[in-house]
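Visitor: First the structure, which I've put down as C-alpha cells, then a few questions once you've had a look.
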Amino acid sequence: MSGHRVVVDDGEPGLVLTVLPGLGYTAEGPVLARPSAALRAAGWTVRSVVWGERPDFDVARRAYADVLRDGVAAAPDAVHLVLAKSLGTLALPVAVELGLPGAWLTPLLTTDRAPEVRAACVGLGASGVPALLVGGTADALWDGALAAASGVRVLEVDGGDHSLEVDGDPGLTAATLDAVTAAVVDLAGAAVAR
C-alpha cells in the first residue's frame, strides 16, 4: 500500500493543478496552499496528494509518478500544471517526460537519494516545458548555480530555508509567499497560453 490518496477540489475540467507535497510539508503549508487557492479561485481543478503515513523516497517516487500519469490519462485534453514541494519534486523527471509545466519548490538538488531530480533540472530549459524553480540560500538541498543554469525562471530567496522562511524576518517571509504565489499564477498563465 502506498499510503496516499488524492483529494480533488473540482473546478474547470480543462484546467488541472496537481499538488505534490513534501515529506513533512503538506498541501496545507502556505507555499503550496496559497498558490493552490489562487488557481482554485481562477477556476482550476486542484488535485492534492495526502499521505496517510510518511513515505520513503522510493514509495513517493512511484506514487507521484502514478498520480501524474493517472491525472493526464483521466483528462488528456486538459491543461495540466504541477505544484511540487521538496519530496514532491521527485516527480520532475516524469513531468518533463509527460510535457507537464511545473513549479518546483525547494527541489531535491543536492541529495544523493534523488540524482534524477538534479539530472532533470539540468535539461529543464531545453525541454521547452514551462517551469519555475524556487529555493532558498539557507536550504542545504538547494543549488542556486544549478537552478540558474537550468534555463527556466528561478526565484531564489536570500536567507530562505527549506520552508522558504527567512529566520527572524516575518516581513520577508510574507513577501516571499506573495512572490511565490504570483510566480505560480504567472506559470499557470504560460501553461494555458502554450
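Numbering starts fresh at 1 for the residues of each chain in the C-alpha cells, the chains themselves are lettered A, B, ... in the order given, and ligands are numbered from 1 as they appear.
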Write out as number ranges by chain the set of residues from stretch 14-189 of chain A that DSSP, computed on the backbone, places in strand (DSSP E).
Guide: A: 14-20, 44-51, 79-85, 102-105, 131-136, 153-157
Visitor: For the residues in the current selection, export N, CA and C atoms as an mmCIF file, in the first residue's frame.
Guide:
```
data_model
loop_
_atom_site.group_PDB
_atom_site.id
_atom_site.type_symbol
_atom_site.label_atom_id
_atom_site.label_comp_id
_atom_site.auth_asym_id
_atom_site.auth_seq_id
_atom_site.Cartn_x
_atom_site.Cartn_y
_atom_site.Cartn_z
ATOM 1 N N GLY A 14 -10.920 21.421 -17.713
ATOM 2 C CA GLY A 14 -9.836 21.639 -18.667
ATOM 3 C C GLY A 14 -8.602 22.279 -18.071
ATOM 4 N N LEU A 15 -8.649 22.597 -16.774
ATOM 5 C CA LEU A 15 -7.513 23.199 -16.076
ATOM 6 C C LEU A 15 -7.261 22.373 -14.816
ATOM 7 N N VAL A 16 -6.124 21.669 -14.770
ATOM 8 C CA VAL A 16 -5.865 20.741 -13.672
ATOM 9 C C VAL A 16 -4.518 21.031 -13.018
ATOM 10 N N LEU A 17 -4.559 21.377 -11.739
ATOM 11 C CA LEU A 17 -3.361 21.573 -10.922
ATOM 12 C C LEU A 17 -3.191 20.349 -10.041
ATOM 13 N N THR A 18 -2.015 19.751 -10.065
ATOM 14 C CA THR A 18 -1.709 18.625 -9.182
ATOM 15 C C THR A 18 -0.670 19.084 -8.174
ATOM 16 N N VAL A 19 -1.005 18.953 -6.888
ATOM 17 C CA VAL A 19 -0.147 19.402 -5.795
ATOM 18 C C VAL A 19 0.524 18.186 -5.162
ATOM 19 N N LEU A 20 1.859 18.205 -5.165
ATOM 20 C CA LEU A 20 2.662 17.107 -4.622
ATOM 21 C C LEU A 20 3.457 17.634 -3.432
ATOM 22 N N TRP A 44 -9.413 26.606 -11.566
ATOM 23 C CA TRP A 44 -8.686 25.358 -11.763
ATOM 24 C C TRP A 44 -9.226 24.247 -10.864
ATOM 25 N N THR A 45 -9.228 23.021 -11.377
ATOM 26 C CA THR A 45 -9.425 21.825 -10.558
ATOM 27 C C THR A 45 -8.111 21.578 -9.838
ATOM 28 N N VAL A 46 -8.186 21.309 -8.534
ATOM 29 C CA VAL A 46 -6.973 21.090 -7.747
ATOM 30 C C VAL A 46 -6.973 19.663 -7.206
ATOM 31 N N ARG A 47 -5.952 18.906 -7.586
ATOM 32 C CA ARG A 47 -5.745 17.538 -7.103
ATOM 33 C C ARG A 47 -4.566 17.562 -6.144
ATOM 34 N N SER A 48 -4.793 17.231 -4.880
ATOM 35 C CA SER A 48 -3.726 17.277 -3.875
ATOM 36 C C SER A 48 -3.464 15.890 -3.307
ATOM 37 N N VAL A 49 -2.204 15.513 -3.257
ATOM 38 C CA VAL A 49 -1.824 14.248 -2.633
ATOM 39 C C VAL A 49 -1.775 14.441 -1.130
ATOM 40 N N VAL A 50 -2.377 13.501 -0.421
ATOM 41 C CA VAL A 50 -2.356 13.484 1.041
ATOM 42 C C VAL A 50 -1.780 12.134 1.456
ATOM 43 N N TRP A 51 -0.760 12.167 2.284
ATOM 44 C CA TRP A 51 -0.122 10.947 2.766
ATOM 45 C C TRP A 51 -0.743 10.514 4.090
ATOM 46 N N VAL A 79 -5.281 21.301 -19.676
ATOM 47 C CA VAL A 79 -4.006 21.942 -19.364
ATOM 48 C C VAL A 79 -3.636 21.456 -17.966
ATOM 49 N N HIS A 80 -2.471 20.855 -17.840
ATOM 50 C CA HIS A 80 -2.007 20.339 -16.552
ATOM 51 C C HIS A 80 -0.857 21.196 -16.049
ATOM 52 N N LEU A 81 -0.814 21.371 -14.741
ATOM 53 C CA LEU A 81 0.265 22.098 -14.074
ATOM 54 C C LEU A 81 0.584 21.354 -12.795
ATOM 55 N N VAL A 82 1.872 21.231 -12.474
ATOM 56 C CA VAL A 82 2.317 20.570 -11.254
ATOM 57 C C VAL A 82 2.846 21.624 -10.294
ATOM 58 N N LEU A 83 2.460 21.507 -9.033
ATOM 59 C CA LEU A 83 2.994 22.341 -7.960
ATOM 60 C C LEU A 83 3.572 21.373 -6.934
ATOM 61 N N ALA A 84 4.903 21.317 -6.857
ATOM 62 C CA ALA A 84 5.566 20.311 -6.028
ATOM 63 C C ALA A 84 6.529 20.962 -5.047
ATOM 64 N N LYS A 85 6.602 20.380 -3.862
ATOM 65 C CA LYS A 85 7.492 20.876 -2.813
ATOM 66 C C LYS A 85 8.385 19.744 -2.328
ATOM 67 N N GLY A 102 5.585 22.920 -14.568
ATOM 68 C CA GLY A 102 5.583 22.755 -13.120
ATOM 69 C C GLY A 102 6.322 23.836 -12.375
ATOM 70 N N ALA A 103 5.855 24.057 -11.149
ATOM 71 C CA ALA A 103 6.538 24.911 -10.186
ATOM 72 C C ALA A 103 7.181 23.978 -9.178
ATOM 73 N N TRP A 104 8.492 23.999 -9.107
ATOM 74 C CA TRP A 104 9.276 23.063 -8.300
ATOM 75 C C TRP A 104 9.879 23.835 -7.130
ATOM 76 N N LEU A 105 9.220 23.721 -5.981
ATOM 77 C CA LEU A 105 9.606 24.488 -4.797
ATOM 78 C C LEU A 105 10.550 23.668 -3.926
ATOM 79 N N ALA A 131 8.532 26.107 -16.692
ATOM 80 C CA ALA A 131 8.876 25.663 -15.343
ATOM 81 C C ALA A 131 9.369 26.830 -14.509
ATOM 82 N N LEU A 132 9.271 26.619 -13.201
ATOM 83 C CA LEU A 132 9.720 27.574 -12.200
ATOM 84 C C LEU A 132 10.459 26.791 -11.128
ATOM 85 N N LEU A 133 11.637 27.247 -10.759
ATOM 86 C CA LEU A 133 12.391 26.665 -9.656
ATOM 87 C C LEU A 133 12.469 27.687 -8.540
ATOM 88 N N VAL A 134 12.155 27.256 -7.320
ATOM 89 C CA VAL A 134 12.158 28.166 -6.168
ATOM 90 C C VAL A 134 12.948 27.528 -5.038
ATOM 91 N N GLY A 135 13.883 28.265 -4.476
ATOM 92 C CA GLY A 135 14.659 27.753 -3.356
ATOM 93 C C GLY A 135 15.267 28.871 -2.558
ATOM 94 N N GLY A 136 15.786 28.523 -1.399
ATOM 95 C CA GLY A 136 16.389 29.498 -0.513
ATOM 96 C C GLY A 136 17.867 29.244 -0.318
ATOM 97 N N ARG A 153 12.776 29.980 -15.319
ATOM 98 C CA ARG A 153 12.644 31.049 -14.337
ATOM 99 C C ARG A 153 13.012 30.517 -12.944
ATOM 100 N N VAL A 154 13.804 31.294 -12.221
ATOM 101 C CA VAL A 154 14.250 30.928 -10.879
ATOM 102 C C VAL A 154 13.883 32.036 -9.911
ATOM 103 N N LEU A 155 13.332 31.647 -8.794
ATOM 104 C CA LEU A 155 13.065 32.575 -7.697
ATOM 105 C C LEU A 155 13.905 32.082 -6.525
ATOM 106 N N GLU A 156 14.971 32.812 -6.220
ATOM 107 C CA GLU A 156 15.858 32.428 -5.122
ATOM 108 C C GLU A 156 15.649 33.383 -3.955
ATOM 109 N N VAL A 157 15.406 32.820 -2.777
ATOM 110 C CA VAL A 157 15.113 33.601 -1.581
ATOM 111 C C VAL A 157 16.382 33.723 -0.752
#
```
Visitor: Name all residues at most 8 Å from A:Leu90 (count only C-alpha atoms; drop same-chain ones fewer than 6 positions away) and give them as a list in words.
Guide: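 Selected residues are Ala60, Arg61, Tyr64, Leu108, Ala114, Glu116 and Val117 of chain A.
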Visitor: As a list in words, please: the residues near A:Ser163 (cut-off 9 Å, only C-alpha atoms, same-chain neighbours under 4 positions excluded).
Guide: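 The residues satisfying every condition are Tyr25, Gly29, Val31, Thr106, Gly135, Gly136 and Asp139 of chain A.
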Visitor: Can you tell me, as a ChimeraX atom specification, what residues are no more than 12 Å from A:Leu109 when counting only C-alpha atoms, ignoring any on the same chain fewer than 6 positions away?
Guide: /A:86-87,89-90,92,115-122,133-136,139-147,150,162
Visitor: Could you please take those selected residues and save N, CA, C and O atoms as a short mmCIF file (atom, residue, chain, number, x, y, z; two decimals), in the first residue's frame?
Guide:
```cif
data_model
loop_
_atom_site.label_atom_id
_atom_site.label_comp_id
_atom_site.auth_asym_id
_atom_site.auth_seq_id
_atom_site.Cartn_x
_atom_site.Cartn_y
_atom_site.Cartn_z
N SER A 86 9.67 19.95 -2.32
CA SER A 86 10.64 19.04 -1.73
C SER A 86 10.48 17.62 -2.24
O SER A 86 10.80 17.34 -3.40
N LEU A 87 9.98 16.70 -1.43
CA LEU A 87 9.81 15.31 -1.84
C LEU A 87 8.96 15.21 -3.10
O LEU A 87 9.18 14.33 -3.94
N THR A 89 9.16 16.96 -5.61
CA THR A 89 9.97 17.22 -6.81
C THR A 89 10.58 15.94 -7.37
O THR A 89 11.17 15.98 -8.46
N LEU A 90 10.42 14.81 -6.67
CA LEU A 90 10.82 13.53 -7.25
C LEU A 90 10.07 13.27 -8.56
O LEU A 90 10.51 12.47 -9.38
N LEU A 92 9.69 15.41 -10.94
CA LEU A 92 10.18 16.28 -12.01
C LEU A 92 10.53 15.51 -13.30
O LEU A 92 10.09 15.90 -14.38
N PRO A 115 19.19 11.62 -7.54
CA PRO A 115 20.01 12.13 -8.64
C PRO A 115 19.20 12.45 -9.89
O PRO A 115 19.58 13.30 -10.70
N GLU A 116 18.04 11.80 -10.05
CA GLU A 116 17.21 12.04 -11.23
C GLU A 116 16.61 13.44 -11.23
O GLU A 116 16.33 14.01 -12.28
N VAL A 117 16.40 14.01 -10.03
CA VAL A 117 15.87 15.38 -9.95
C VAL A 117 16.92 16.36 -10.45
O VAL A 117 16.62 17.26 -11.25
N ARG A 118 18.14 16.17 -10.00
CA ARG A 118 19.24 17.03 -10.44
C ARG A 118 19.42 16.91 -11.96
O ARG A 118 19.55 17.91 -12.66
N ALA A 119 19.41 15.69 -12.48
CA ALA A 119 19.60 15.47 -13.93
C ALA A 119 18.47 16.13 -14.72
O ALA A 119 18.72 16.75 -15.76
N ALA A 120 17.24 16.00 -14.25
CA ALA A 120 16.11 16.62 -14.96
C ALA A 120 16.19 18.13 -14.92
O ALA A 120 15.84 18.81 -15.88
N CYS A 121 16.69 18.67 -13.81
CA CYS A 121 16.83 20.12 -13.67
C CYS A 121 17.86 20.67 -14.67
O CYS A 121 17.64 21.71 -15.26
N VAL A 122 18.92 19.91 -14.89
CA VAL A 122 19.98 20.35 -15.81
C VAL A 122 19.41 20.62 -17.20
O VAL A 122 19.74 21.61 -17.84
N LEU A 133 11.64 27.25 -10.76
CA LEU A 133 12.39 26.66 -9.66
C LEU A 133 12.47 27.69 -8.54
O LEU A 133 12.81 28.85 -8.79
N VAL A 134 12.15 27.26 -7.32
CA VAL A 134 12.16 28.17 -6.17
C VAL A 134 12.95 27.53 -5.04
O VAL A 134 12.70 26.37 -4.68
N GLY A 135 13.88 28.27 -4.48
CA GLY A 135 14.66 27.75 -3.36
C GLY A 135 15.27 28.87 -2.56
O GLY A 135 15.27 30.03 -2.98
N GLY A 136 15.79 28.52 -1.40
CA GLY A 136 16.39 29.50 -0.51
C GLY A 136 17.87 29.24 -0.32
O GLY A 136 18.32 28.10 -0.31
N ASP A 139 18.97 26.80 2.44
CA ASP A 139 18.47 25.43 2.31
C ASP A 139 19.60 24.56 1.75
O ASP A 139 20.04 24.77 0.62
N ALA A 140 20.03 23.57 2.52
CA ALA A 140 21.13 22.70 2.09
C ALA A 140 20.77 21.86 0.87
O ALA A 140 21.67 21.35 0.19
N LEU A 141 19.50 21.72 0.55
CA LEU A 141 19.09 20.93 -0.61
C LEU A 141 19.01 21.76 -1.89
O LEU A 141 18.76 21.22 -2.97
N TRP A 142 19.21 23.06 -1.78
CA TRP A 142 19.13 23.97 -2.92
C TRP A 142 20.51 24.16 -3.53
O TRP A 142 21.51 24.29 -2.83
N ASP A 143 20.56 24.22 -4.85
CA ASP A 143 21.79 24.51 -5.59
C ASP A 143 21.46 25.67 -6.53
O ASP A 143 20.92 25.47 -7.62
N GLY A 144 21.74 26.87 -6.08
CA GLY A 144 21.40 28.07 -6.84
C GLY A 144 22.07 28.13 -8.20
O GLY A 144 21.48 28.58 -9.18
N ALA A 145 23.32 27.67 -8.26
CA ALA A 145 24.04 27.70 -9.54
C ALA A 145 23.40 26.75 -10.55
O ALA A 145 23.22 27.10 -11.72
N LEU A 146 23.02 25.56 -10.11
CA LEU A 146 22.36 24.61 -11.00
C LEU A 146 21.01 25.16 -11.45
O LEU A 146 20.67 25.08 -12.64
N ALA A 147 20.27 25.73 -10.52
CA ALA A 147 18.96 26.30 -10.88
C ALA A 147 19.14 27.41 -11.92
O ALA A 147 18.41 27.45 -12.92
N SER A 150 19.70 26.19 -15.38
CA SER A 150 18.65 25.32 -15.93
C SER A 150 17.95 25.91 -17.16
O SER A 150 17.36 25.18 -17.95
N HIS A 162 14.38 25.65 4.06
CA HIS A 162 13.69 24.64 3.26
C HIS A 162 12.17 24.83 3.24
O HIS A 162 11.48 24.26 2.41
#
```
Visitor: Quick one: pull the distance between atom CA of A:Gly11 and atom CA of A:Arg40, Å, one decimal.
Guide: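 Calculated distance between atom CA of A:Gly11 and atom CA of A:Arg40 is 7.0 Å.
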Visitor: Please report, as a PyMOL selection string, each residue of stretch 92-190 of chain A to which DSSP assigns alpha helix (DSSP H) when run on this structure's backbone.
Guide: chain A and resi 92-98+115-122+124-127+144-149+170-190
Visitor: One decimal, in Å: what's the spacing between atom CA of A:Ala41 and atom CA of A:Val152?
Guide: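 Separation between atom CA of A:Ala41 and atom CA of A:Val152: 26.0 Å.
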Visitor: Nearest to A:Ala191: which of A:Val8, A:Val59, A:Leu100, A:Ala65 is it, counting only C-alpha atoms?
Guide: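 Ranking A:Val8, A:Val59, A:Leu100, A:Ala65 by distance to A:Ala191, first place goes to A:Leu100.
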